[in-house]
file protein.cif (mmCIF, C-alpha atoms)
data_protein
loop_
_atom_site.group_PDB
_atom_site.id
_atom_site.type_symbol
_atom_site.label_atom_id
_atom_site.label_comp_id
_atom_site.auth_asym_id
_atom_site.auth_seq_id
_atom_site.Cartn_x
_atom_site.Cartn_y
_atom_site.Cartn_z
ATOM 1 C CA MET E 30 108.749 79.515 99.429
ATOM 2 C CA ALA E 31 111.579 78.339 97.178
ATOM 3 C CA ASN E 32 113.220 80.459 94.513
ATOM 4 C CA LEU E 33 111.261 80.118 91.259
ATOM 5 C CA ILE E 34 114.384 79.608 89.153
ATOM 6 C CA ALA E 35 115.958 76.998 91.420
ATOM 7 C CA GLU E 36 112.636 75.178 91.622
ATOM 8 C CA ASN E 37 112.256 75.058 87.816
ATOM 9 C CA LEU E 38 115.893 74.839 86.775
ATOM 10 C CA GLU E 39 115.569 71.793 84.523
ATOM 11 C CA LEU E 40 112.748 73.404 82.551
ATOM 12 C CA LEU E 41 114.411 76.803 82.200
ATOM 13 C CA THR E 42 117.827 75.560 81.058
ATOM 14 C CA GLN E 43 116.136 74.128 77.973
ATOM 15 C CA PHE E 44 115.295 77.662 76.840
ATOM 16 C CA HIS E 45 117.588 80.077 78.675
ATOM 17 C CA TYR E 46 121.237 80.387 79.711
ATOM 18 C CA THR E 47 120.754 79.930 83.471
ATOM 19 C CA LEU E 48 123.454 80.357 86.111
ATOM 20 C CA LYS E 49 123.619 80.278 89.891
ATOM 21 C CA SER E 50 125.138 83.369 91.481
ATOM 22 C CA ASN E 51 128.674 82.911 92.812
ATOM 23 C CA TYR E 52 128.670 85.926 95.094
ATOM 24 C CA GLN E 53 126.216 88.164 96.891
ATOM 25 C CA SER E 54 126.452 91.362 98.891
ATOM 26 C CA ILE E 55 123.901 94.056 99.604
ATOM 27 C CA SER E 56 125.049 96.218 96.682
ATOM 28 C CA GLU E 57 126.501 93.622 94.320
ATOM 29 C CA LYS E 58 124.342 90.701 93.260
ATOM 30 C CA TYR E 59 124.174 87.954 90.640
ATOM 31 C CA TRP E 60 127.918 87.617 90.013
ATOM 32 C CA VAL E 61 128.733 84.952 87.381
ATOM 33 C CA HIS E 62 131.160 83.830 84.661
ATOM 34 C CA CYS E 63 129.139 84.291 81.468
ATOM 35 C CA THR E 64 130.912 82.095 78.899
ATOM 36 C CA LEU E 65 131.098 82.844 75.207
ATOM 37 C CA ASP E 66 130.627 79.157 74.336
ATOM 38 C CA SER E 67 127.294 78.996 76.157
ATOM 39 C CA LEU E 68 126.078 82.267 74.656
ATOM 40 C CA ASP E 69 126.981 80.987 71.188
ATOM 41 C CA GLU E 70 125.184 77.688 71.875
ATOM 42 C CA TYR E 71 121.921 79.357 72.905
ATOM 43 C CA SER E 72 122.215 81.941 70.154
ATOM 44 C CA LEU E 73 122.591 79.187 67.561
ATOM 45 C CA ARG E 74 119.417 77.508 68.852
ATOM 46 C CA PHE E 75 117.226 80.528 69.590
ATOM 47 C CA GLY E 76 118.775 83.568 67.903
ATOM 48 C CA ASP E 77 118.173 86.506 70.248
ATOM 49 C CA ASN E 78 115.119 84.870 71.816
ATOM 50 C CA PHE E 79 116.600 83.675 75.082
ATOM 51 C CA ASN E 80 117.611 85.213 78.409
ATOM 52 C CA LEU E 81 120.599 85.199 80.681
ATOM 53 C CA ILE E 82 119.093 84.187 84.031
ATOM 54 C CA VAL E 83 121.136 84.506 87.208
ATOM 55 C CA TYR E 84 119.572 83.353 90.446
ATOM 56 C CA ARG E 85 120.405 82.781 94.086
ATOM 57 C CA GLU E 86 119.111 79.810 96.035
ATOM 58 C CA SER E 87 116.997 81.440 98.723
ATOM 59 C CA ASP E 88 113.466 81.460 100.107
ATOM 60 C CA ASP E 89 112.665 84.508 97.977
ATOM 61 C CA PRO E 90 110.848 83.369 94.782
ATOM 62 C CA PHE E 91 111.993 86.471 92.917
ATOM 63 C CA ASP E 92 115.682 86.570 93.870
ATOM 64 C CA PHE E 93 116.909 86.477 90.282
ATOM 65 C CA ILE E 94 117.582 88.600 87.217
ATOM 66 C CA SER E 95 116.467 87.662 83.726
ATOM 67 C CA ILE E 96 118.092 89.770 80.975
ATOM 68 C CA PRO E 97 116.970 89.263 77.366
ATOM 69 C CA TYR E 98 119.947 88.438 75.171
ATOM 70 C CA SER E 99 118.755 91.078 72.715
ATOM 71 C CA VAL E 100 119.486 93.630 75.473
ATOM 72 C CA LEU E 101 122.587 91.962 76.900
ATOM 73 C CA LYS E 102 124.586 91.348 73.740
ATOM 74 C CA GLY E 103 125.149 95.028 73.074
ATOM 75 C CA LYS E 104 126.511 95.493 76.612
ATOM 76 C CA LEU E 105 129.193 92.775 76.456
ATOM 77 C CA ASP E 106 132.138 94.978 75.575
ATOM 78 C CA PRO E 107 135.017 92.920 74.065
ATOM 79 C CA LYS E 108 137.476 95.108 76.015
ATOM 80 C CA PHE E 109 136.407 93.389 79.234
ATOM 81 C CA PHE E 110 136.350 89.842 77.901
ATOM 82 C CA ASN E 111 138.289 87.402 80.086
ATOM 83 C CA LYS E 112 140.346 85.525 77.473
ATOM 84 C CA LYS E 113 141.857 83.161 80.016
ATOM 85 C CA HIS E 114 138.449 81.764 80.992
ATOM 86 C CA ASN E 115 136.641 82.610 77.725
ATOM 87 C CA CYS E 116 133.963 84.612 79.533
ATOM 88 C CA TRP E 117 132.716 87.928 80.819
ATOM 89 C CA ASP E 118 132.750 88.286 84.607
ATOM 90 C CA LEU E 119 129.575 90.209 85.283
ATOM 91 C CA SER E 120 127.332 91.192 88.167
ATOM 92 C CA ILE E 121 124.605 93.681 89.033
ATOM 93 C CA TYR E 122 125.949 96.532 91.143
ATOM 94 C CA ASN E 123 123.344 98.926 92.559
ATOM 95 C CA GLY E 124 121.002 97.828 89.798
ATOM 96 C CA LYS E 125 123.505 98.324 86.951
ATOM 97 C CA LEU E 126 125.364 95.801 84.815
ATOM 98 C CA LYS E 127 128.978 95.602 85.945
ATOM 99 C CA LEU E 128 131.684 93.958 83.854
ATOM 100 C CA ARG E 129 134.911 93.211 85.678
ATOM 101 C CA GLY E 130 137.436 95.853 84.678
ATOM 102 C CA ASP E 131 134.948 98.441 83.433
ATOM 103 C CA GLY E 132 136.003 101.006 86.033
ATOM 104 C CA GLY E 133 132.401 101.955 86.762
ATOM 105 C CA LYS E 134 131.905 103.715 83.412
ATOM 106 C CA ASN E 135 128.903 103.468 81.099
ATOM 107 C CA ARG E 136 127.055 100.905 83.159
ATOM 108 C CA SER E 137 123.505 100.125 82.048
ATOM 109 C CA ASP E 138 120.538 100.062 84.415
ATOM 110 C CA MET E 139 119.105 96.532 84.689
ATOM 111 C CA THR E 140 116.688 97.128 87.563
ATOM 112 C CA GLU E 141 113.633 96.372 85.418
ATOM 113 C CA PHE E 142 114.830 92.805 84.846
ATOM 114 C CA ILE E 143 115.272 91.865 88.537
ATOM 115 C CA GLY E 144 112.586 89.397 89.551
ATOM 116 C CA ASP E 145 110.792 90.035 86.248
ATOM 117 C CA LEU E 146 108.805 87.274 84.515
ATOM 118 C CA THR E 147 107.941 89.235 81.370
ATOM 119 C CA TYR E 148 110.339 87.275 79.163
ATOM 120 C CA LEU E 149 109.860 83.942 80.949
ATOM 121 C CA PRO E 150 106.559 82.545 79.648
ATOM 122 C CA GLN E 151 107.583 79.127 80.977
ATOM 123 C CA LEU E 152 107.203 80.471 84.538
ATOM 124 C CA GLN E 153 104.307 82.880 84.313
ATOM 125 C CA GLU E 154 101.539 80.331 84.793
ATOM 126 C CA ILE E 155 103.489 78.442 87.476
ATOM 127 C CA SER E 156 104.156 81.589 89.485
ATOM 128 C CA SER E 157 100.602 82.890 89.250
ATOM 129 C CA ASN E 158 99.393 79.672 90.842
ATOM 130 C CA LYS E 159 101.984 79.607 93.634
ATOM 131 C CA VAL E 160 102.931 83.113 94.634
ATOM 132 C CA SER E 161 100.746 85.614 96.455
ATOM 133 C CA PHE E 162 100.579 89.281 95.498
ATOM 134 C CA GLU E 163 102.055 90.079 98.899
ATOM 135 C CA THR E 164 105.141 87.960 98.081
ATOM 136 C CA ILE E 165 105.509 89.634 94.695
ATOM 137 C CA ASP E 166 105.186 93.123 96.204
ATOM 138 C CA SER E 167 107.752 92.302 98.902
ATOM 139 C CA ALA E 168 110.243 90.935 96.406
ATOM 140 C CA ARG E 169 109.925 94.017 94.215
ATOM 141 C CA ALA E 170 110.228 96.355 97.194
ATOM 142 C CA GLU E 171 113.344 94.533 98.376
ATOM 143 C CA SER E 172 114.921 94.797 94.930
ATOM 144 C CA ALA E 173 114.147 98.521 94.859
ATOM 145 C CA ILE E 174 115.908 98.971 98.219
ATOM 146 C CA ILE E 175 118.958 96.962 97.158
ATOM 147 C CA ASN E 176 119.326 98.912 93.932
ATOM 148 C CA ASP E 177 118.742 102.393 95.350
ATOM 149 C CA PRO E 178 122.168 104.085 95.607
ATOM 150 C CA SER E 179 120.705 106.873 97.776
ATOM 151 C CA ILE E 180 120.104 104.483 100.706
ATOM 152 C CA PRO E 181 123.210 103.933 102.895
ATOM 153 C CA GLU E 182 124.456 100.353 103.084
ATOM 154 C CA THR E 183 123.795 100.055 106.828
ATOM 155 C CA THR E 184 120.210 101.223 106.335
ATOM 156 C CA LYS E 185 119.718 98.748 103.468
ATOM 157 C CA GLU E 186 120.893 95.946 105.713
ATOM 158 C CA GLN E 187 118.415 96.880 108.454
ATOM 159 C CA LEU E 188 115.534 97.265 105.989
ATOM 160 C CA LEU E 189 116.175 93.814 104.535
ATOM 161 C CA LYS E 190 116.472 92.274 107.983
ATOM 162 C CA SER E 191 113.215 93.929 109.016
ATOM 163 C CA ARG E 192 111.346 92.072 106.274
ATOM 164 C CA ARG E 193 112.239 88.872 108.110
ATOM 165 C CA GLY E 194 111.494 90.314 111.537
ATOM 166 C CA GLN E 195 115.156 90.682 112.449
ATOM 167 C CA GLY E 196 117.727 93.337 113.291
ATOM 168 C CA LYS E 197 116.817 96.814 114.548
ATOM 169 C CA PHE E 198 113.124 96.269 113.842
ATOM 170 C CA ARG E 199 112.890 93.295 116.183
ATOM 171 C CA ALA E 200 114.968 95.008 118.851
ATOM 172 C CA ASP E 201 112.639 98.022 118.777
ATOM 173 C CA VAL E 202 109.515 95.845 118.854
ATOM 174 C CA GLU E 203 110.882 94.107 121.959
ATOM 175 C CA LYS E 204 111.259 97.487 123.683
ATOM 176 C CA ILE E 205 107.495 97.982 123.342
ATOM 177 C CA GLU E 206 106.031 94.468 123.357
ATOM 178 C CA LYS E 207 107.213 91.984 125.991
ATOM 179 C CA LYS E 208 105.132 88.945 125.042
ATOM 180 C CA CYS E 209 102.495 87.658 122.669
ATOM 181 C CA ARG E 210 99.310 89.464 123.608
ATOM 182 C CA ILE E 211 97.117 86.592 122.416
ATOM 183 C CA THR E 212 98.857 83.496 123.834
ATOM 184 C CA LEU E 213 100.793 85.315 126.599
ATOM 185 C CA LEU E 214 103.953 83.431 125.527
ATOM 186 C CA ASP E 215 106.980 85.429 126.727
ATOM 187 C CA ILE E 216 109.965 83.301 125.601
ATOM 188 C CA PRO E 217 111.734 85.424 122.930
ATOM 189 C CA GLU E 218 113.213 82.540 120.920
ATOM 190 C CA TYR E 219 109.697 81.210 120.293
ATOM 191 C CA LEU E 220 108.305 84.553 119.138
ATOM 192 C CA THR E 221 108.570 86.305 115.781
ATOM 193 C CA ALA E 222 108.468 90.053 115.165
ATOM 194 C CA CYS E 223 105.483 90.612 112.904
ATOM 195 C CA HIS E 224 104.717 93.801 110.966
ATOM 196 C CA ILE E 225 101.190 95.079 111.596
ATOM 197 C CA LYS E 226 101.116 97.095 108.384
ATOM 198 C CA PRO E 227 102.741 94.701 105.898
ATOM 199 C CA TRP E 228 106.396 95.304 105.059
ATOM 200 C CA SER E 229 105.605 95.528 101.349
ATOM 201 C CA LYS E 230 103.008 98.287 101.931
ATOM 202 C CA SER E 231 105.092 100.295 104.403
ATOM 203 C CA THR E 232 107.463 103.190 103.863
ATOM 204 C CA ASN E 233 111.089 102.586 104.789
ATOM 205 C CA GLN E 234 110.474 104.447 108.042
ATOM 206 C CA GLU E 235 107.456 102.273 108.843
ATOM 207 C CA ARG E 236 109.436 99.122 108.036
ATOM 208 C CA LEU E 237 111.841 99.906 110.855
ATOM 209 C CA ASP E 238 109.283 101.353 113.284
ATOM 210 C CA GLY E 239 108.953 99.178 116.387
ATOM 211 C CA ASN E 240 105.408 100.538 116.854
ATOM 212 C CA ASN E 241 104.509 98.705 113.636
ATOM 213 C CA GLY E 242 105.195 95.338 115.222
ATOM 214 C CA LEU E 243 103.856 92.625 117.461
ATOM 215 C CA LEU E 244 105.560 89.618 119.010
ATOM 216 C CA LEU E 245 103.693 86.511 117.871
ATOM 217 C CA PRO E 246 104.440 82.779 117.776
ATOM 218 C CA PRO E 247 104.637 81.468 114.188
ATOM 219 C CA HIS E 248 101.127 79.967 114.036
ATOM 220 C CA ILE E 249 99.487 83.216 115.251
ATOM 221 C CA HIS E 250 101.772 85.226 112.945
ATOM 222 C CA HIS E 251 100.503 83.085 110.046
ATOM 223 C CA LEU E 252 96.855 83.901 110.848
ATOM 224 C CA PHE E 253 97.566 87.610 111.391
ATOM 225 C CA ASP E 254 99.444 88.004 108.094
ATOM 226 C CA ARG E 255 96.578 86.385 106.202
ATOM 227 C CA GLY E 256 93.889 88.543 107.805
ATOM 228 C CA LEU E 257 92.268 85.610 109.582
ATOM 229 C CA ILE E 258 92.659 87.497 112.864
ATOM 230 C CA SER E 259 93.185 91.159 113.688
ATOM 231 C CA ILE E 260 93.112 93.507 116.673
ATOM 232 C CA ASN E 261 91.064 96.682 116.742
ATOM 233 C CA GLN E 262 92.109 99.991 118.288
ATOM 234 C CA ASN E 263 90.441 99.053 121.602
ATOM 235 C CA GLY E 264 92.539 95.914 121.867
ATOM 236 C CA ASP E 265 89.714 93.504 121.012
ATOM 237 C CA LEU E 266 90.747 90.370 119.129
ATOM 238 C CA LEU E 267 88.858 90.050 115.838
ATOM 239 C CA ILE E 268 88.212 86.588 114.395
ATOM 240 C CA SER E 269 87.472 86.300 110.686
ATOM 241 C CA PRO E 270 84.529 84.105 109.670
ATOM 242 C CA LYS E 271 86.973 82.526 107.224
ATOM 243 C CA LEU E 272 89.027 81.058 110.075
ATOM 244 C CA PRO E 273 87.808 77.461 110.540
ATOM 245 C CA LYS E 274 86.372 76.833 113.986
ATOM 246 C CA ARG E 275 88.448 73.664 114.253
ATOM 247 C CA ILE E 276 91.705 75.620 113.810
ATOM 248 C CA ARG E 277 90.656 78.245 116.360
ATOM 249 C CA GLU E 278 89.791 75.591 118.913
ATOM 250 C CA PHE E 279 92.840 73.432 118.204
ATOM 251 C CA TRP E 280 95.123 76.437 118.726
ATOM 252 C CA HIS E 281 93.147 77.600 121.778
ATOM 253 C CA ILE E 282 92.279 81.009 120.349
ATOM 254 C CA PRO E 283 89.367 82.469 122.344
ATOM 255 C CA GLU E 284 86.349 83.877 120.545
ATOM 256 C CA LYS E 285 86.426 86.977 122.754
ATOM 257 C CA LEU E 286 89.603 88.521 124.119
ATOM 258 C CA ASN E 287 90.892 91.969 124.921
ATOM 259 C CA VAL E 288 94.677 92.062 124.590
ATOM 260 C CA GLY E 289 95.187 95.406 126.365
ATOM 261 C CA GLY E 290 95.821 99.006 125.373
ATOM 262 C CA PHE E 291 98.086 100.432 122.691
ATOM 263 C CA GLN E 292 99.861 103.717 122.103
ATOM 264 C CA PRO E 293 98.261 106.102 119.555
ATOM 265 C CA ILE E 294 100.772 105.301 116.794
ATOM 266 C CA GLN E 295 100.261 101.560 117.326
ATOM 267 C CA ARG E 296 96.506 102.080 117.023
ATOM 268 C CA GLN E 297 97.035 103.691 113.601
ATOM 269 C CA TYR E 298 98.838 100.599 112.355
ATOM 270 C CA LEU E 299 96.169 98.330 113.845
ATOM 271 C CA GLN E 300 93.464 100.327 112.087
ATOM 272 C CA TYR E 301 95.310 99.837 108.797
ATOM 273 C CA HIS E 302 95.403 96.079 109.388
ATOM 274 C CA GLU E 303 91.716 95.924 110.237
ATOM 275 C CA ASP E 304 90.704 98.081 107.258
ATOM 276 C CA ASN E 305 92.975 96.536 104.617
ATOM 277 C CA LEU E 306 93.888 92.979 105.617
ATOM 278 C CA PHE E 307 91.260 91.599 107.963
ATOM 279 C CA LEU E 308 88.853 89.253 106.171
ATOM 280 C CA LYS E 309 85.521 90.522 107.425
ATOM 281 C CA SER E 310 83.480 88.135 105.287
#
call {"tool": "encode", "arguments": {"input": "protein.cif", "output": "structure tokens"}}
result
Amino acid sequence: MANLIAENLELLTQFHYTLKSNYQSISEKYWVHCTLDSLDEYSLRFGDNFNLIVYRESDDPFDFISIPYSVLKGKLDPKFFNKKHNCWDLSIYNGKLKLRGDGGKNRSDMTEFIGDLTYLPQLQEISSNKVSFETIDSARAESAIINDPSIPETTKEQLLKSRRGQGKFRADVEKIEKKCRITLLDIPEYLTACHIKPWSKSTNQERLDGNNGLLLPPHIHHLFDRGLISINQNGDLLISPKLPKRIREFWHIPEKLNVGGFQPIQRQYLQYHEDNLFLKS
């Protein structure tokens, strides 16, 4: 799904000072030149009732920060104003507002404004119609990881990769699962590493746990994530009554199938999926 800001850029720029991020790293995000001329222009039109929005073009709908000008204006210290370019060079570093040259002192926490729609009424109805709660939870969890200074950078990187079924998580899943248990496909490049207990609901340890994963082709992954299929602790494939018969037949998914045994810790994750995600009716 596209980034909400990028997808609605024309609408938002009518009401808010909106910029695309120039630079991204795991710890430092949303780096921009925030010009005085633009701030003055929006302030003249809206007073304090506008936001500085900085976004990154990505497939994460909530990869942005939206800071109310009423909050921001008191943080723009004239000492760090870039006179040559008539702007403040700012970014969000470990969740805090960083002005170039501030030396790391007196930085204000901006975590609450990352991916937040509270001050963007123009987007609230659009997003509620397009974005699932699972997507929202994942975006918020990812922001919390990025902005948590207690998590080492290498661990952050692996946690973020695991959300997309990559990195250490996938490698550990492949040590346990050798093929898709439902289709029997065993060509790695055509398989995705799928979390059994959703990434957004898992602890950081569970997010990286290879036992919390299955290797599935994308179409089966899609059904599993949406609770249209599940697997019980005995290895029996469960088919939701909400899965259209035509889809099941077109994708050659059998009504009855036992996919084999699982280790005890895998069975715990499967039980979670059956209890909390599987659409029983």
call {"tool": "resolve_selection", "arguments": {"input": "protein.cif", "expression": "the PyMOL selection byres ((chain E and resi 75) around 12)", "output": "list in words"}}
result
Gln43, Phe44, His45, Tyr46, Leu68, Asp69, Glu70, Tyr71, Ser72, Leu73, Arg74, Gly76, Asp77, Asn78, Phe79, Asn80, Pro97, Tyr98 and Ser99 of chain E
call {"tool": "closest_residue", "arguments": {"input": "protein.cif", "among": "E:Tyr59, E:Tyr301, E:Phe253, E:Tyr84", "to": "Ile211 of chain E", "atoms": "all atoms listed in the file"}}
result
E:Phe253
call {"tool": "closest_residue", "arguments": {"input": "protein.cif", "among": "E:Pro247, E:Gly256, E:Pro270, E:Pro283", "to": "His302 of chain E", "atoms": "only C-alpha atoms"}}
result
E:Gly256
call {"tool": "closest_residue", "arguments": {"input": "protein.cif", "among": "E:Gly242, E:Pro273, E:Gly103, E:Pro90", "to": "Lys207 of chain E", "atoms": "all atoms listed in the file"}}
result
E:Gly242
call {"tool": "axis_aligned_box", "arguments": {"input": "protein.cif", "around": "segment 245-253 of chain E", "padding_each_side": "8 Å", "output": "AutoDock Vina command-line options"}}
result
--center_x 100.7 --center_y 83.8 --center_z 114.0 --size_x 23.8 --size_y 23.6 --size_z 23.8
call {"tool": "closest_residue", "arguments": {"input": "protein.cif", "among": "E:Ile94, E:Cys116, E:Leu272, E:Leu48", "to": "Arg169 of chain E", "atoms": "all atoms listed in the file"}}
result
E:Ile94
call {"tool": "closest_residue", "arguments": {"input": "protein.cif", "among": "E:Ile294, E:Ile249, E:Ile260, E:Leu40", "to": "Ile276 of chain E", "atoms": "all atoms listed in the file"}}
result
E:Ile249
call {"tool": "decode", "arguments": {"input": "protein.cif", "residues": "segment 164-239 of chain E", "atoms": "C-alpha atoms", "output": "PDB file, in the first residue's frame"}}
result
ATOM      1  CA  THR E 164      -1.248  -2.124   8.949  1.00  0.00           C
ATOM      2  CA  ILE E 165      -1.708   0.660  11.486  1.00  0.00           C
ATOM      3  CA  ASP E 166      -0.421  -1.513  14.346  1.00  0.00           C
ATOM      4  CA  SER E 167       2.613  -2.582  12.299  1.00  0.00           C
ATOM      5  CA  ALA E 168       3.479   0.974  11.346  1.00  0.00           C
ATOM      6  CA  ARG E 169       3.268   2.123  14.956  1.00  0.00           C
ATOM      7  CA  ALA E 170       5.325  -0.827  16.178  1.00  0.00           C
ATOM      8  CA  GLU E 171       7.987  -0.125  13.562  1.00  0.00           C
ATOM      9  CA  SER E 172       8.163   3.530  14.586  1.00  0.00           C
ATOM     10  CA  ALA E 173       8.529   2.494  18.229  1.00  0.00           C
ATOM     11  CA  ILE E 174      11.469   0.234  17.311  1.00  0.00           C
ATOM     12  CA  ILE E 175      13.179   2.910  15.219  1.00  0.00           C
ATOM     13  CA  ASN E 176      12.859   5.497  17.966  1.00  0.00           C
ATOM     14  CA  ASP E 177      13.879   3.290  20.891  1.00  0.00           C
ATOM     15  CA  PRO E 178      17.482   4.223  21.792  1.00  0.00           C
ATOM     16  CA  SER E 179      17.809   1.115  23.994  1.00  0.00           C
ATOM     17  CA  ILE E 180      17.687  -1.227  20.967  1.00  0.00           C
ATOM     18  CA  PRO E 181      21.085  -1.669  19.236  1.00  0.00           C
ATOM     19  CA  GLU E 182      21.221  -0.557  15.609  1.00  0.00           C
ATOM     20  CA  THR E 183      21.954  -4.064  14.300  1.00  0.00           C
ATOM     21  CA  THR E 184      18.947  -5.443  16.175  1.00  0.00           C
ATOM     22  CA  LYS E 185      16.728  -2.645  14.824  1.00  0.00           C
ATOM     23  CA  GLU E 186      17.795  -3.524  11.309  1.00  0.00           C
ATOM     24  CA  GLN E 187      16.907  -7.199  11.780  1.00  0.00           C
ATOM     25  CA  LEU E 188      13.556  -6.384  13.402  1.00  0.00           C
ATOM     26  CA  LEU E 189      12.581  -4.127  10.506  1.00  0.00           C
ATOM     27  CA  LYS E 190      13.689  -6.700   7.958  1.00  0.00           C
ATOM     28  CA  SER E 191      11.683  -9.370   9.763  1.00  0.00           C
ATOM     29  CA  ARG E 192       8.474  -7.412   9.195  1.00  0.00           C
ATOM     30  CA  ARG E 193       9.025  -7.974   5.481  1.00  0.00           C
ATOM     31  CA  GLY E 194      10.068 -11.595   5.913  1.00  0.00           C
ATOM     32  CA  GLN E 195      13.742 -10.862   5.333  1.00  0.00           C
ATOM     33  CA  GLY E 196      17.089 -11.013   7.106  1.00  0.00           C
ATOM     34  CA  LYS E 197      17.761 -13.221  10.134  1.00  0.00           C
ATOM     35  CA  PHE E 198      14.085 -14.112  10.491  1.00  0.00           C
ATOM     36  CA  ARG E 199      13.897 -15.657   7.034  1.00  0.00           C
ATOM     37  CA  ALA E 200      17.222 -17.430   7.453  1.00  0.00           C
ATOM     38  CA  ASP E 201      16.010 -19.001  10.706  1.00  0.00           C
ATOM     39  CA  VAL E 202      12.659 -19.995   9.196  1.00  0.00           C
ATOM     40  CA  GLU E 203      14.525 -21.758   6.379  1.00  0.00           C
ATOM     41  CA  LYS E 204      16.477 -23.792   8.946  1.00  0.00           C
ATOM     42  CA  ILE E 205      13.175 -25.244  10.178  1.00  0.00           C
ATOM     43  CA  GLU E 206      10.877 -25.183   7.143  1.00  0.00           C
ATOM     44  CA  LYS E 207      12.188 -26.464   3.804  1.00  0.00           C
ATOM     45  CA  LYS E 208       9.123 -25.927   1.619  1.00  0.00           C
ATOM     46  CA  CYS E 209       5.539 -24.744   1.606  1.00  0.00           C
ATOM     47  CA  ARG E 210       3.604 -27.331   3.568  1.00  0.00           C
ATOM     48  CA  ILE E 211       0.397 -26.664   1.633  1.00  0.00           C
ATOM     49  CA  THR E 212       1.568 -26.511  -2.004  1.00  0.00           C
ATOM     50  CA  LEU E 213       4.835 -28.453  -1.489  1.00  0.00           C
ATOM     51  CA  LEU E 214       6.674 -25.745  -3.481  1.00  0.00           C
ATOM     52  CA  ASP E 215      10.367 -25.875  -2.512  1.00  0.00           C
ATOM     53  CA  ILE E 216      11.962 -23.146  -4.684  1.00  0.00           C
ATOM     54  CA  PRO E 217      13.134 -20.466  -2.192  1.00  0.00           C
ATOM     55  CA  GLU E 218      12.853 -17.470  -4.535  1.00  0.00           C
ATOM     56  CA  TYR E 219       9.136 -18.192  -4.968  1.00  0.00           C
ATOM     57  CA  LEU E 220       8.441 -18.472  -1.242  1.00  0.00           C
ATOM     58  CA  THR E 221       7.924 -15.775   1.378  1.00  0.00           C
ATOM     59  CA  ALA E 222       8.684 -16.045   5.091  1.00  0.00           C
ATOM     60  CA  CYS E 223       5.368 -15.489   6.832  1.00  0.00           C
ATOM     61  CA  HIS E 224       4.887 -14.778  10.543  1.00  0.00           C
ATOM     62  CA  ILE E 225       2.384 -17.137  12.167  1.00  0.00           C
ATOM     63  CA  LYS E 226       1.698 -14.769  15.050  1.00  0.00           C
ATOM     64  CA  PRO E 227       1.508 -11.393  13.285  1.00  0.00           C
ATOM     65  CA  TRP E 228       4.589  -9.178  13.462  1.00  0.00           C
ATOM     66  CA  SER E 229       2.568  -6.324  14.947  1.00  0.00           C
ATOM     67  CA  LYS E 230       1.293  -8.534  17.808  1.00  0.00           C
ATOM     68  CA  SER E 231       4.634 -10.193  18.562  1.00  0.00           C
ATOM     69  CA  THR E 232       7.357  -9.270  21.019  1.00  0.00           C
ATOM     70  CA  ASN E 233      10.724  -8.368  19.530  1.00  0.00           C
ATOM     71  CA  GLN E 234      11.936 -11.864  20.384  1.00  0.00           C
ATOM     72  CA  GLU E 235       8.950 -13.446  18.637  1.00  0.00           C
ATOM     73  CA  ARG E 236       9.484 -11.228  15.587  1.00  0.00           C
ATOM     74  CA  LEU E 237      12.885 -12.800  15.034  1.00  0.00           C
ATOM     75  CA  ASP E 238      11.958 -16.344  16.095  1.00  0.00           C
ATOM     76  CA  GLY E 239      12.201 -18.761  13.169  1.00  0.00           C
TER      77      GLY E 239
END
